[in-house]
Each structure stands twice: as C-alpha cells, then as structure tokens.
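For reference, the structure discussed in these notes is given below.
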Amino acid sequence: MTTSPATYLDVYRSMLTARRLENRIASLYRAGKIVGGVYLGKGQEAISAALGSALDVANGDVFAPLIRDQAGRTAFGEELVDCTRTYLGSVKGPMKGRDGNVHRGRPKDGIVAMISHLGSSVPIVNGMLFAKRLQGKSGFVGGISIGEGATSTGAFHEGLNQAAVEKLPLVVVITDNQFAYSTPNNLQFACKSLLDRAIGYGVAGHRCKGNDLKDTVDVIHQAVDAARNGGGPQLIVADILRLCGHGEHDDAAYVPNSIREGDLGRDCMETAKEFLIAQDIASEAELDILDTEAKDAVRSAMATAQRDPQPDPFKDDWQVFATN
C-alpha cells in the first residue's frame with residue numbers, strides 16, 4: 001500500500017486546524033470563558049489525524065476518539081462548530097449544553113462519545129462492530145484511540161481479547177505519551193513495550209514514531225486497510241511525548257528535561273512541515289495559506305458558538321431517552 005502525497009497533505013491540514021482550534025480554546029479557558037477542564041492534543045496531532053483520515057463514515061466506519069483527538073475528529077469529518085458549541089455550552093451543540101465539554105459524540109455519524117473510563121471504549125466499539133456483522137454488513141472498521149494508561153484497565157483487556165476471538169475489524173491506536181497523567185511507564189507496565197501484548201492477544205502488532213508524519217500515516221493506514229480486508233484486530237503503539245500537561249490545570253513538572261529535549265519531544269507540527277517541504281508535496285507559501293484557512297475556519301466556528309443561546313432549565317425539555 002502506497003500513501004499518496006495528497007493524503008499526507010490532508011492529514012497535515014487536519015493537524016493544523018486542530019492545533020489552531022485548541023490554541024483558541026486554551027486562551028478562552030485561561031480567560032475564564034470555558035467551564036470545566038480543557039485537555040489538549042498538542043504534540044499528538046499526527047497520530048490522531050492519521051487514524052481519523054484512514055476511517056470513512058461512508059463505509060460504516062466507527063471512530064472512538066479520546067480527549068486529545070480533535071485532529072482525528074476533524075479528519076473523520078466532525079464539523080468544528082460541534083467542538084466550539086460543546087466547549088461554550090451551546091444548546092445547538094451535539095450535547096445540547098448538558099454534558100462535559102469533552103464528551104461529545106454523534107453515534108449515528110460514526111463518532112462515539114468520549115468515555116472518561118478510557119478502556120471502556122474497546123468493548124463498546126466491539127458491540128457496534130458485532131451489530132453491523134449481525135446486520136449482514138461488511139467492509140467497515142472500528143478505530144479506537146487510547147493512551148497507554150488505558151491499557152491497564154480490565155475493560156481494555158477483556159475487550160481486546162473478545163475482538164481477537166471474534167476477529168473483529170478493530171484498530172486500536174495506543175498513544176504512548178510516556179505518562180498516564182503523571183505516572184511514568186515504568187510504574188504503569190512491566191513489559192519492554194506495549195507492542196509485546198499483541199502476541200498475547202493473538203492480534204497483529206504495529207509500531208510507529210508519533211511525531212513522524214510519514215511513518216505514522218503509513219503504519220496506521222496500512223493497519224486500517226488490513227482490518228478492513230479480513231486481517232482481524234490491529235494493535236498500534238505510537239511513541240510520542242505529550243507537549244502539554246494532562247490538562248490545562250497541569251504544568252507537567254514531572255516530565256524530565258531529558259525526555260522533553262529528546263527525539264520524542266519534537267513537535268509533530270514542525271517535523272510534518274519539514275517533511276512536506278522536503279518532499280515537494282507543498283511549498284512553505286502553500287502551507288502558510290493552509291494556516292490562514294485554518295485560522296479563518298476556527299474564527300468562524302467560534303463566532304457561531306458565541307452567538308448561540310445557552311441552556312435554559314425553565315424552557316429546555318431536551319432529554320437523553322425518548323419516553324414515547
């Protein structure tokens with residue numbers, strides 16, 4: 001499978017849009033304009049966008065994003081205004097201003113609402129894939145984004161084992177950002193690499209360098225293609241460093257400078273730009289145009305959400321489940 005230059009550029013566009021959007025969200029949070037926590041994907045955009053771009057809702061694919069997956073959401077087709085409306089509490093957003101600002105989702109459009117108990121997304125997506133199989137459908141894939149900390153949960157183990165036994169077309173991307181909140185990997189798991197676990201489950205294992213656009217896109221797209229064509233579950237470990245705290249409330253002082261200044265600490269936005277220019281996929285001027293377009297799109301989505309009404313408990317009769 002050969003990745004086209006256009007695919008790399010499309011992934012970069014989603015990465016750039018997500019970075020610009022989350023920079024704006026962080027500014028609003030510091031200004032006291034956002035209620036609740038803010039969790040950014042800074043440094044992880046290539047991994048996220050690569051997975052989102054490899055999936056296709058038209059094929060019936062399902063995407064279960066994590067809190068740092070704005071780039072993946074954008075690549076999968078989520079409108080920016082869904083994000084801004086949720087963070088700003090608009091009644092026109094997917095959660096109607098009624099849920100935490102990172103829990104949005106549109107299951108009918110293939111996007112599973114983010115679950116705070118992170119390993120739980122594996123059995124949930126398994127169920128969605130198995131239901132499609134029972135309906136006689138084929139050619140679909142379920143993509144899940146989790147961090148290395150979620151691999152220590154029971155739901156992750158049981159879910160991946162079930163997917164392996166049922167040979168579900170599941171792709172699990174583990175973003176190994178070296179810390180589960182503030183817990184370092186040596187206190188999180190004893191195996192040399194999380195990739196070793198693929199053998200135990202009987203699933204295909206892959207590894208990629210998360211701040212290398214080409215490596216990340218190639219590996220994740222190939223894994224999705226394998227799952228789509230009957231290869232069963234695929235487990236991917238993407239090595240990276242989170243370039244911000246667990247949330248905007250966290251200064252990440254626990255991260256040693258040796259890791260920050262190492263190869264994993266390089267920003268995927270910078271390395272991706274260098275790759276695109278070096279391979280003559282896009283010029284610096286063309287990438288500057290993409291940046292301007294991203295800023296304009298973010299500005300428009302923010303303006304729309306800021307004009308929207310807020311929830312009114314005396315008038316709003318919205319509810320999760322229908323009663324008739």
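Labeling convention for the structure tokens: chains A, B, ... as they appear, residues from 1 per chain, ligands from 1 in order of appearance.
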Note to self: To test your reading of the structure, identify every residue in segment 202-296 of chain A that backbone DSSP assigns to helix (DSSP H, G or I), and report it as JSON, numbers by chain.
What the structure shows: {"A": [213, 214, 215, 216, 217, 218, 219, 220, 221, 222, 223, 224, 225, 226, 227, 228, 257, 258, 259, 260, 263, 264, 265, 268, 269, 270, 271, 272, 273, 274, 275, 276, 277, 278, 284, 285, 286, 287, 288, 289, 290, 291, 292, 293, 294, 295, 296]}
Prev. selection, N, CA and C atoms, output as a compact mmCIF listing (two decimals), in the first residue's frame:
```
# COMPACT_ATOMS: atom_id res chain seq x y z
N LEU A 213 5.32 12.29 10.50
CA LEU A 213 4.09 12.25 9.71
C LEU A 213 4.05 11.03 8.79
N LYS A 214 5.10 10.80 8.05
CA LYS A 214 5.09 9.70 7.09
C LYS A 214 4.96 8.35 7.79
N ASP A 215 5.76 8.11 8.79
CA ASP A 215 5.72 6.83 9.49
C ASP A 215 4.36 6.59 10.13
N THR A 216 3.83 7.61 10.76
CA THR A 216 2.54 7.47 11.45
C THR A 216 1.41 7.21 10.47
N VAL A 217 1.34 8.00 9.40
CA VAL A 217 0.27 7.82 8.41
C VAL A 217 0.40 6.46 7.73
N ASP A 218 1.60 6.09 7.33
CA ASP A 218 1.79 4.82 6.62
C ASP A 218 1.37 3.64 7.49
N VAL A 219 1.83 3.62 8.72
CA VAL A 219 1.55 2.48 9.61
C VAL A 219 0.06 2.39 9.93
N ILE A 220 -0.55 3.51 10.30
CA ILE A 220 -1.96 3.47 10.69
C ILE A 220 -2.86 3.16 9.50
N HIS A 221 -2.60 3.75 8.35
CA HIS A 221 -3.43 3.47 7.16
C HIS A 221 -3.29 2.01 6.74
N GLN A 222 -2.11 1.46 6.81
CA GLN A 222 -1.92 0.05 6.46
C GLN A 222 -2.65 -0.87 7.42
N ALA A 223 -2.65 -0.52 8.71
CA ALA A 223 -3.35 -1.33 9.71
C ALA A 223 -4.86 -1.29 9.48
N VAL A 224 -5.39 -0.11 9.18
CA VAL A 224 -6.83 0.01 8.90
C VAL A 224 -7.18 -0.79 7.66
N ASP A 225 -6.34 -0.73 6.64
CA ASP A 225 -6.58 -1.49 5.42
C ASP A 225 -6.57 -2.99 5.70
N ALA A 226 -5.66 -3.44 6.56
CA ALA A 226 -5.59 -4.86 6.91
C ALA A 226 -6.85 -5.30 7.64
N ALA A 227 -7.32 -4.48 8.58
CA ALA A 227 -8.54 -4.83 9.31
C ALA A 227 -9.74 -4.86 8.37
N ARG A 228 -9.79 -3.93 7.45
CA ARG A 228 -10.93 -3.84 6.53
C ARG A 228 -10.99 -5.06 5.60
N ASN A 257 13.53 16.83 31.89
CA ASN A 257 14.04 17.58 30.75
C ASN A 257 14.69 16.67 29.71
N SER A 258 15.25 15.56 30.17
CA SER A 258 15.90 14.63 29.25
C SER A 258 14.92 14.09 28.21
N ILE A 259 13.66 13.92 28.62
CA ILE A 259 12.63 13.45 27.68
C ILE A 259 12.14 14.61 26.83
N ARG A 260 11.92 15.75 27.46
CA ARG A 260 11.45 16.93 26.71
C ARG A 260 12.41 17.29 25.59
N ASP A 263 14.28 13.09 21.24
CA ASP A 263 13.62 12.97 19.94
C ASP A 263 12.11 12.94 20.07
N LEU A 264 11.59 12.29 21.13
CA LEU A 264 10.14 12.22 21.32
C LEU A 264 9.54 13.59 21.59
N GLY A 265 10.36 14.52 22.07
CA GLY A 265 9.87 15.84 22.41
C GLY A 265 9.73 16.79 21.23
N CYS A 268 5.29 17.45 16.38
CA CYS A 268 4.89 16.83 15.12
C CYS A 268 4.49 17.85 14.07
N MET A 269 4.04 19.02 14.49
CA MET A 269 3.69 20.06 13.52
C MET A 269 4.94 20.52 12.77
N GLU A 270 6.03 20.68 13.49
CA GLU A 270 7.28 21.14 12.88
C GLU A 270 7.88 20.08 11.98
N THR A 271 7.92 18.83 12.46
CA THR A 271 8.50 17.77 11.65
C THR A 271 7.66 17.48 10.41
N ALA A 272 6.34 17.61 10.53
CA ALA A 272 5.47 17.39 9.39
C ALA A 272 5.69 18.46 8.32
N LYS A 273 5.81 19.69 8.76
CA LYS A 273 6.06 20.78 7.82
C LYS A 273 7.38 20.57 7.09
N GLU A 274 8.40 20.17 7.82
CA GLU A 274 9.71 19.91 7.22
C GLU A 274 9.60 18.79 6.18
N PHE A 275 8.86 17.74 6.49
CA PHE A 275 8.69 16.62 5.57
C PHE A 275 7.97 17.05 4.29
N LEU A 276 6.89 17.77 4.43
CA LEU A 276 6.10 18.18 3.26
C LEU A 276 6.91 19.06 2.32
N ILE A 277 7.70 19.95 2.89
CA ILE A 277 8.52 20.83 2.07
C ILE A 277 9.67 20.06 1.42
N ALA A 278 10.32 19.21 2.20
CA ALA A 278 11.47 18.44 1.69
C ALA A 278 11.07 17.49 0.57
N GLU A 284 6.43 26.25 1.32
CA GLU A 284 6.17 26.97 2.56
C GLU A 284 5.04 27.98 2.37
N ALA A 285 4.99 28.60 1.21
CA ALA A 285 3.91 29.56 0.92
C ALA A 285 2.55 28.86 0.90
N GLU A 286 2.49 27.66 0.34
CA GLU A 286 1.24 26.91 0.29
C GLU A 286 0.81 26.48 1.69
N LEU A 287 1.77 26.12 2.52
CA LEU A 287 1.43 25.75 3.90
C LEU A 287 0.98 26.96 4.70
N ASP A 288 1.51 28.12 4.38
CA ASP A 288 1.05 29.35 5.03
C ASP A 288 -0.41 29.64 4.68
N ILE A 289 -0.78 29.32 3.45
CA ILE A 289 -2.18 29.50 3.04
C ILE A 289 -3.09 28.57 3.83
N LEU A 290 -2.64 27.32 4.01
CA LEU A 290 -3.42 26.37 4.81
C LEU A 290 -3.59 26.89 6.24
N ASP A 291 -2.56 27.50 6.77
CA ASP A 291 -2.61 28.05 8.12
C ASP A 291 -3.65 29.17 8.20
N THR A 292 -3.66 30.02 7.21
CA THR A 292 -4.65 31.12 7.18
C THR A 292 -6.06 30.55 7.09
N GLU A 293 -6.24 29.52 6.26
CA GLU A 293 -7.56 28.90 6.13
C GLU A 293 -8.00 28.27 7.44
N ALA A 294 -7.06 27.65 8.15
CA ALA A 294 -7.38 27.04 9.45
C ALA A 294 -7.81 28.09 10.46
N LYS A 295 -7.08 29.19 10.51
CA LYS A 295 -7.42 30.28 11.44
C LYS A 295 -8.80 30.85 11.12
N ASP A 296 -9.11 31.00 9.83
CA ASP A 296 -10.41 31.53 9.43
C ASP A 296 -11.53 30.57 9.82
```
Note to self: Could you list, as number ranges by chain, every residue within 10 Å of Lys92 of chain A, counting only C-alpha atoms and ignoring same-chain residues fewer than 2 positions away?
What the structure shows: A: 81-82, 85-86, 89-90, 94-97, 305, 308-311
Checklist line | Shell of 7 Å around segment 39-51 of chain A, only C-alpha atoms, local chain residues under 5 positions omitted, as a PyMOL selection string | finding: chain A and resi 11+14-15+19+22+67-69+71-72+75+210-211+213+216-217+220+241-244+246-248+267-268
Selection export as a PDB file, in the first residue's frame, atoms kept: N, CA and C atoms:
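Below is the file that was written, out.pdb:
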```
ATOM      1  N   VAL A  11      -3.826  15.092   5.941  1.00  0.00           N
ATOM      2  CA  VAL A  11      -3.606  14.826   7.367  1.00  0.00           C
ATOM      3  C   VAL A  11      -3.009  16.062   8.034  1.00  0.00           C
ATOM      4  N   SER A  14      -5.639  18.695   8.748  1.00  0.00           N
ATOM      5  CA  SER A  14      -6.427  18.401   9.956  1.00  0.00           C
ATOM      6  C   SER A  14      -5.625  18.677  11.223  1.00  0.00           C
ATOM      7  N   MET A  15      -4.339  18.337  11.191  1.00  0.00           N
ATOM      8  CA  MET A  15      -3.454  18.617  12.329  1.00  0.00           C
ATOM      9  C   MET A  15      -3.404  20.116  12.608  1.00  0.00           C
ATOM     10  N   ARG A  19      -4.717  22.202  15.894  1.00  0.00           N
ATOM     11  CA  ARG A  19      -3.796  22.986  16.718  1.00  0.00           C
ATOM     12  C   ARG A  19      -4.303  24.421  16.888  1.00  0.00           C
ATOM     13  N   GLU A  22      -7.426  24.380  19.195  1.00  0.00           N
ATOM     14  CA  GLU A  22      -7.143  24.132  20.612  1.00  0.00           C
ATOM     15  C   GLU A  22      -6.348  25.275  21.240  1.00  0.00           C
ATOM     16  N   ILE A  67      -9.742  12.309  24.567  1.00  0.00           N
ATOM     17  CA  ILE A  67      -9.835  13.734  24.849  1.00  0.00           C
ATOM     18  C   ILE A  67      -8.847  14.553  24.028  1.00  0.00           C
ATOM     19  N   ARG A  68      -7.809  13.930  23.495  1.00  0.00           N
ATOM     20  CA  ARG A  68      -6.796  14.659  22.719  1.00  0.00           C
ATOM     21  C   ARG A  68      -6.930  14.432  21.226  1.00  0.00           C
ATOM     22  N   ASP A  69      -8.117  14.095  20.774  1.00  0.00           N
ATOM     23  CA  ASP A  69      -8.292  13.694  19.379  1.00  0.00           C
ATOM     24  C   ASP A  69      -9.055  14.682  18.519  1.00  0.00           C
ATOM     25  N   ALA A  71      -7.747  16.490  16.224  1.00  0.00           N
ATOM     26  CA  ALA A  71      -7.236  16.311  14.864  1.00  0.00           C
ATOM     27  C   ALA A  71      -7.907  15.118  14.190  1.00  0.00           C
ATOM     28  N   GLY A  72      -8.097  14.033  14.930  1.00  0.00           N
ATOM     29  CA  GLY A  72      -8.760  12.861  14.377  1.00  0.00           C
ATOM     30  C   GLY A  72     -10.221  13.116  14.077  1.00  0.00           C
ATOM     31  N   ALA A  75     -10.328  15.135  10.898  1.00  0.00           N
ATOM     32  CA  ALA A  75     -10.026  14.306   9.737  1.00  0.00           C
ATOM     33  C   ALA A  75     -11.168  13.352   9.407  1.00  0.00           C
ATOM     34  N   GLY A 210       5.374   8.636  16.619  1.00  0.00           N
ATOM     35  CA  GLY A 210       4.207   9.502  16.584  1.00  0.00           C
ATOM     36  C   GLY A 210       4.418  10.929  16.127  1.00  0.00           C
ATOM     37  N   ASN A 211       5.662  11.399  16.105  1.00  0.00           N
ATOM     38  CA  ASN A 211       5.883  12.761  15.605  1.00  0.00           C
ATOM     39  C   ASN A 211       6.520  12.761  14.217  1.00  0.00           C
ATOM     40  N   LEU A 213       5.319  12.289  10.501  1.00  0.00           N
ATOM     41  CA  LEU A 213       4.092  12.250   9.708  1.00  0.00           C
ATOM     42  C   LEU A 213       4.045  11.028   8.794  1.00  0.00           C
ATOM     43  N   THR A 216       3.828   7.613  10.763  1.00  0.00           N
ATOM     44  CA  THR A 216       2.542   7.467  11.445  1.00  0.00           C
ATOM     45  C   THR A 216       1.407   7.213  10.469  1.00  0.00           C
ATOM     46  N   VAL A 217       1.340   8.001   9.405  1.00  0.00           N
ATOM     47  CA  VAL A 217       0.274   7.823   8.412  1.00  0.00           C
ATOM     48  C   VAL A 217       0.400   6.461   7.732  1.00  0.00           C
ATOM     49  N   ILE A 220      -0.550   3.508  10.296  1.00  0.00           N
ATOM     50  CA  ILE A 220      -1.964   3.472  10.689  1.00  0.00           C
ATOM     51  C   ILE A 220      -2.861   3.162   9.496  1.00  0.00           C
ATOM     52  N   LEU A 241       5.642  12.150  22.941  1.00  0.00           N
ATOM     53  CA  LEU A 241       5.590  12.842  24.233  1.00  0.00           C
ATOM     54  C   LEU A 241       4.483  13.877  24.170  1.00  0.00           C
ATOM     55  N   ARG A 242       3.619  13.866  25.161  1.00  0.00           N
ATOM     56  CA  ARG A 242       2.594  14.904  25.264  1.00  0.00           C
ATOM     57  C   ARG A 242       3.288  16.241  25.516  1.00  0.00           C
ATOM     58  N   LEU A 243       3.037  17.237  24.680  1.00  0.00           N
ATOM     59  CA  LEU A 243       3.752  18.513  24.789  1.00  0.00           C
ATOM     60  C   LEU A 243       3.020  19.530  25.654  1.00  0.00           C
ATOM     61  N   CYS A 244       2.181  19.038  26.525  1.00  0.00           N
ATOM     62  CA  CYS A 244       1.468  19.900  27.465  1.00  0.00           C
ATOM     63  C   CYS A 244       1.138  19.039  28.677  1.00  0.00           C
ATOM     64  N   HIS A 246      -1.426  17.122  31.487  1.00  0.00           N
ATOM     65  CA  HIS A 246      -2.592  16.249  31.302  1.00  0.00           C
ATOM     66  C   HIS A 246      -3.802  17.087  30.908  1.00  0.00           C
ATOM     67  N   GLY A 247      -3.919  18.243  31.539  1.00  0.00           N
ATOM     68  CA  GLY A 247      -4.945  19.221  31.197  1.00  0.00           C
ATOM     69  C   GLY A 247      -4.334  20.594  31.393  1.00  0.00           C
ATOM     70  N   GLU A 248      -5.095  21.624  31.076  1.00  0.00           N
ATOM     71  CA  GLU A 248      -4.566  22.972  31.206  1.00  0.00           C
ATOM     72  C   GLU A 248      -4.330  23.359  32.664  1.00  0.00           C
ATOM     73  N   ASP A 267       8.095  18.542  18.140  1.00  0.00           N
ATOM     74  CA  ASP A 267       6.698  18.836  17.809  1.00  0.00           C
ATOM     75  C   ASP A 267       6.355  18.250  16.437  1.00  0.00           C
ATOM     76  N   CYS A 268       5.293  17.454  16.384  1.00  0.00           N
ATOM     77  CA  CYS A 268       4.894  16.826  15.124  1.00  0.00           C
ATOM     78  C   CYS A 268       4.491  17.848  14.073  1.00  0.00           C
TER      79      CYS A 268
END
```
Next item on the list: Please provide as a VMD selection string all residues within 8 Å of segment 107-123 of chain A, with the sequence filter that same-chain residues fewer than 3 positions apart are discarded (counting only C-alpha atoms).
Entry: chain A and resid 57 60 to 67 102 to 104 126 to 127 144 146 150 to 151 153 to 156 158 to 160 162
Output file for the selection above: N, CA and C atoms, as a PDB file, in the first residue's frame:
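Output contents, as saved in out.pdb:
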```pdb
ATOM      1  N   VAL A  57     -16.683   7.286   7.196  1.00  0.00           N
ATOM      2  CA  VAL A  57     -18.043   7.079   7.679  1.00  0.00           C
ATOM      3  C   VAL A  57     -18.932   6.508   6.583  1.00  0.00           C
ATOM      4  N   GLY A  60     -19.328   2.949   6.779  1.00  0.00           N
ATOM      5  CA  GLY A  60     -19.888   2.456   8.029  1.00  0.00           C
ATOM      6  C   GLY A  60     -18.863   2.385   9.138  1.00  0.00           C
ATOM      7  N   ASP A  61     -17.711   3.052   8.959  1.00  0.00           N
ATOM      8  CA  ASP A  61     -16.663   3.019   9.979  1.00  0.00           C
ATOM      9  C   ASP A  61     -17.086   3.744  11.243  1.00  0.00           C
ATOM     10  N   VAL A  62     -16.490   3.332  12.343  1.00  0.00           N
ATOM     11  CA  VAL A  62     -16.773   3.901  13.658  1.00  0.00           C
ATOM     12  C   VAL A  62     -15.470   4.446  14.239  1.00  0.00           C
ATOM     13  N   PHE A  63     -15.537   5.623  14.838  1.00  0.00           N
ATOM     14  CA  PHE A  63     -14.358   6.241  15.445  1.00  0.00           C
ATOM     15  C   PHE A  63     -14.666   6.580  16.893  1.00  0.00           C
ATOM     16  N   ALA A  64     -13.841   6.040  17.807  1.00  0.00           N
ATOM     17  CA  ALA A  64     -13.978   6.332  19.229  1.00  0.00           C
ATOM     18  C   ALA A  64     -12.785   7.179  19.658  1.00  0.00           C
ATOM     19  N   PRO A  65     -12.926   8.502  19.668  1.00  0.00           N
ATOM     20  CA  PRO A  65     -11.799   9.388  19.988  1.00  0.00           C
ATOM     21  C   PRO A  65     -11.569   9.535  21.483  1.00  0.00           C
ATOM     22  N   LEU A  66     -10.384  10.027  21.800  1.00  0.00           N
ATOM     23  CA  LEU A  66     -10.002  10.318  23.173  1.00  0.00           C
ATOM     24  C   LEU A  66     -10.083  11.829  23.380  1.00  0.00           C
ATOM     25  N   ILE A  67      -9.742  12.309  24.567  1.00  0.00           N
ATOM     26  CA  ILE A  67      -9.835  13.734  24.849  1.00  0.00           C
ATOM     27  C   ILE A  67      -8.847  14.553  24.028  1.00  0.00           C
ATOM     28  N   VAL A 102     -15.833  17.596  26.872  1.00  0.00           N
ATOM     29  CA  VAL A 102     -15.043  16.672  26.059  1.00  0.00           C
ATOM     30  C   VAL A 102     -15.814  15.394  25.721  1.00  0.00           C
ATOM     31  N   HIS A 103     -17.061  15.294  26.146  1.00  0.00           N
ATOM     32  CA  HIS A 103     -17.800  14.045  25.999  1.00  0.00           C
ATOM     33  C   HIS A 103     -18.708  13.998  24.777  1.00  0.00           C
ATOM     34  N   ARG A 104     -18.521  14.909  23.865  1.00  0.00           N
ATOM     35  CA  ARG A 104     -19.432  14.976  22.730  1.00  0.00           C
ATOM     36  C   ARG A 104     -19.245  13.784  21.785  1.00  0.00           C
ATOM     37  N   ASN A 126     -16.558  -2.780  20.025  1.00  0.00           N
ATOM     38  CA  ASN A 126     -16.779  -4.195  19.671  1.00  0.00           C
ATOM     39  C   ASN A 126     -18.263  -4.465  19.427  1.00  0.00           C
ATOM     40  N   GLY A 127     -19.083  -3.975  20.334  1.00  0.00           N
ATOM     41  CA  GLY A 127     -20.525  -4.184  20.207  1.00  0.00           C
ATOM     42  C   GLY A 127     -21.094  -3.566  18.948  1.00  0.00           C
ATOM     43  N   ILE A 144     -10.150   2.975  17.423  1.00  0.00           N
ATOM     44  CA  ILE A 144     -10.187   3.435  18.805  1.00  0.00           C
ATOM     45  C   ILE A 144      -8.869   4.110  19.141  1.00  0.00           C
ATOM     46  N   ILE A 146      -6.629   5.413  22.320  1.00  0.00           N
ATOM     47  CA  ILE A 146      -6.478   5.396  23.781  1.00  0.00           C
ATOM     48  C   ILE A 146      -5.030   5.735  24.135  1.00  0.00           C
ATOM     49  N   ALA A 150      -4.753   3.552  29.659  1.00  0.00           N
ATOM     50  CA  ALA A 150      -5.986   2.785  29.485  1.00  0.00           C
ATOM     51  C   ALA A 150      -5.718   1.308  29.283  1.00  0.00           C
ATOM     52  N   THR A 151      -4.496   0.956  28.872  1.00  0.00           N
ATOM     53  CA  THR A 151      -4.193  -0.462  28.656  1.00  0.00           C
ATOM     54  C   THR A 151      -4.087  -1.232  29.965  1.00  0.00           C
ATOM     55  N   THR A 153      -6.474  -1.110  32.227  1.00  0.00           N
ATOM     56  CA  THR A 153      -7.836  -1.314  32.720  1.00  0.00           C
ATOM     57  C   THR A 153      -8.371  -2.674  32.294  1.00  0.00           C
ATOM     58  N   GLY A 154      -9.279  -3.206  33.094  1.00  0.00           N
ATOM     59  CA  GLY A 154      -9.866  -4.500  32.786  1.00  0.00           C
ATOM     60  C   GLY A 154     -10.667  -4.498  31.504  1.00  0.00           C
ATOM     61  N   ALA A 155     -11.376  -3.389  31.244  1.00  0.00           N
ATOM     62  CA  ALA A 155     -12.213  -3.308  30.043  1.00  0.00           C
ATOM     63  C   ALA A 155     -11.368  -3.425  28.780  1.00  0.00           C
ATOM     64  N   PHE A 156     -10.159  -2.835  28.813  1.00  0.00           N
ATOM     65  CA  PHE A 156      -9.276  -2.926  27.652  1.00  0.00           C
ATOM     66  C   PHE A 156      -8.895  -4.377  27.393  1.00  0.00           C
ATOM     67  N   GLU A 158     -10.307  -7.271  28.445  1.00  0.00           N
ATOM     68  CA  GLU A 158     -11.436  -8.106  28.064  1.00  0.00           C
ATOM     69  C   GLU A 158     -11.922  -7.773  26.656  1.00  0.00           C
ATOM     70  N   GLY A 159     -11.941  -6.478  26.347  1.00  0.00           N
ATOM     71  CA  GLY A 159     -12.415  -6.056  25.032  1.00  0.00           C
ATOM     72  C   GLY A 159     -11.506  -6.509  23.906  1.00  0.00           C
ATOM     73  N   LEU A 160     -10.202  -6.365  24.103  1.00  0.00           N
ATOM     74  CA  LEU A 160      -9.278  -6.768  23.046  1.00  0.00           C
ATOM     75  C   LEU A 160      -9.280  -8.280  22.872  1.00  0.00           C
ATOM     76  N   GLN A 162     -11.851 -10.212  23.373  1.00  0.00           N
ATOM     77  CA  GLN A 162     -13.092 -10.520  22.663  1.00  0.00           C
ATOM     78  C   GLN A 162     -12.953 -10.214  21.169  1.00  0.00           C
TER      79      GLN A 162
END
```
Note to self: One number please: atom CA of Leu9 of chain A to atom CA of Thr84 of chain A, in Å, one decimal.
What the structure shows: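 Between atom CA of Leu9 of chain A and atom CA of Thr84 of chain A the gap is 24.4 Å.
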Note to self: Under the rule that only C-alpha atoms are counted, which of A:Asp317, A:Glu79, A:Glu166, A:Glu148 is the nearest residue to Ile240 of chain A?
What the structure shows: A:Glu148
Note to self: As an exercise, work out the distance from atom CA of Gly142 of chain A to atom CA of Ile199 of chain A in Å and give it to one decimal place.
What the structure shows: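 About the pair atom CA of Gly142 of chain A and atom CA of Ile199 of chain A: they are 20.3 Å apart.
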Neighbouring residues of Ile174 of chain A were defined as those with any atom within 7 Å, considering only C-alpha atoms; residues of the same chain fewer than 3 positions away were excluded. Please report them as a PDB file with C-alpha atoms, in the first residue's frame.
```
ATOM      1  CA  SER A 145      -7.754   5.969  20.247  1.00  0.00           C
ATOM      2  CA  ILE A 146      -6.478   5.396  23.781  1.00  0.00           C
ATOM      3  CA  GLY A 147      -3.454   6.240  25.886  1.00  0.00           C
ATOM      4  CA  GLU A 148      -1.027   3.824  27.476  1.00  0.00           C
ATOM      5  CA  ILE A 236      -0.683   0.027  17.073  1.00  0.00           C
ATOM      6  CA  VAL A 237       1.699   1.632  19.550  1.00  0.00           C
ATOM      7  CA  ALA A 238       2.612   5.210  18.647  1.00  0.00           C
TER       8      ALA A 238
END
```
Checklist line | Expected answer as a list of chain:residue names: strand (DSSP E or B) residues in segment 135-324 of chain A | finding: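 Written out, the strand (DSSP E or B) residues of segment 135-324 of chain A are A:Gly142, A:Gly143, A:Ile144, A:Ser145, A:Ile146, A:Gly147, A:Leu170, A:Val171, A:Val172, A:Val173, A:Ile174, A:Thr175, A:Asp176, A:Phe179, A:Ala180, A:Thr183, A:Pro184, A:Ala204, A:Gly205, A:His206, A:Arg207, A:Cys208, A:Lys209, A:Gln234, A:Leu235, A:Ile236, A:Val237, A:Ala238, A:Asp239.
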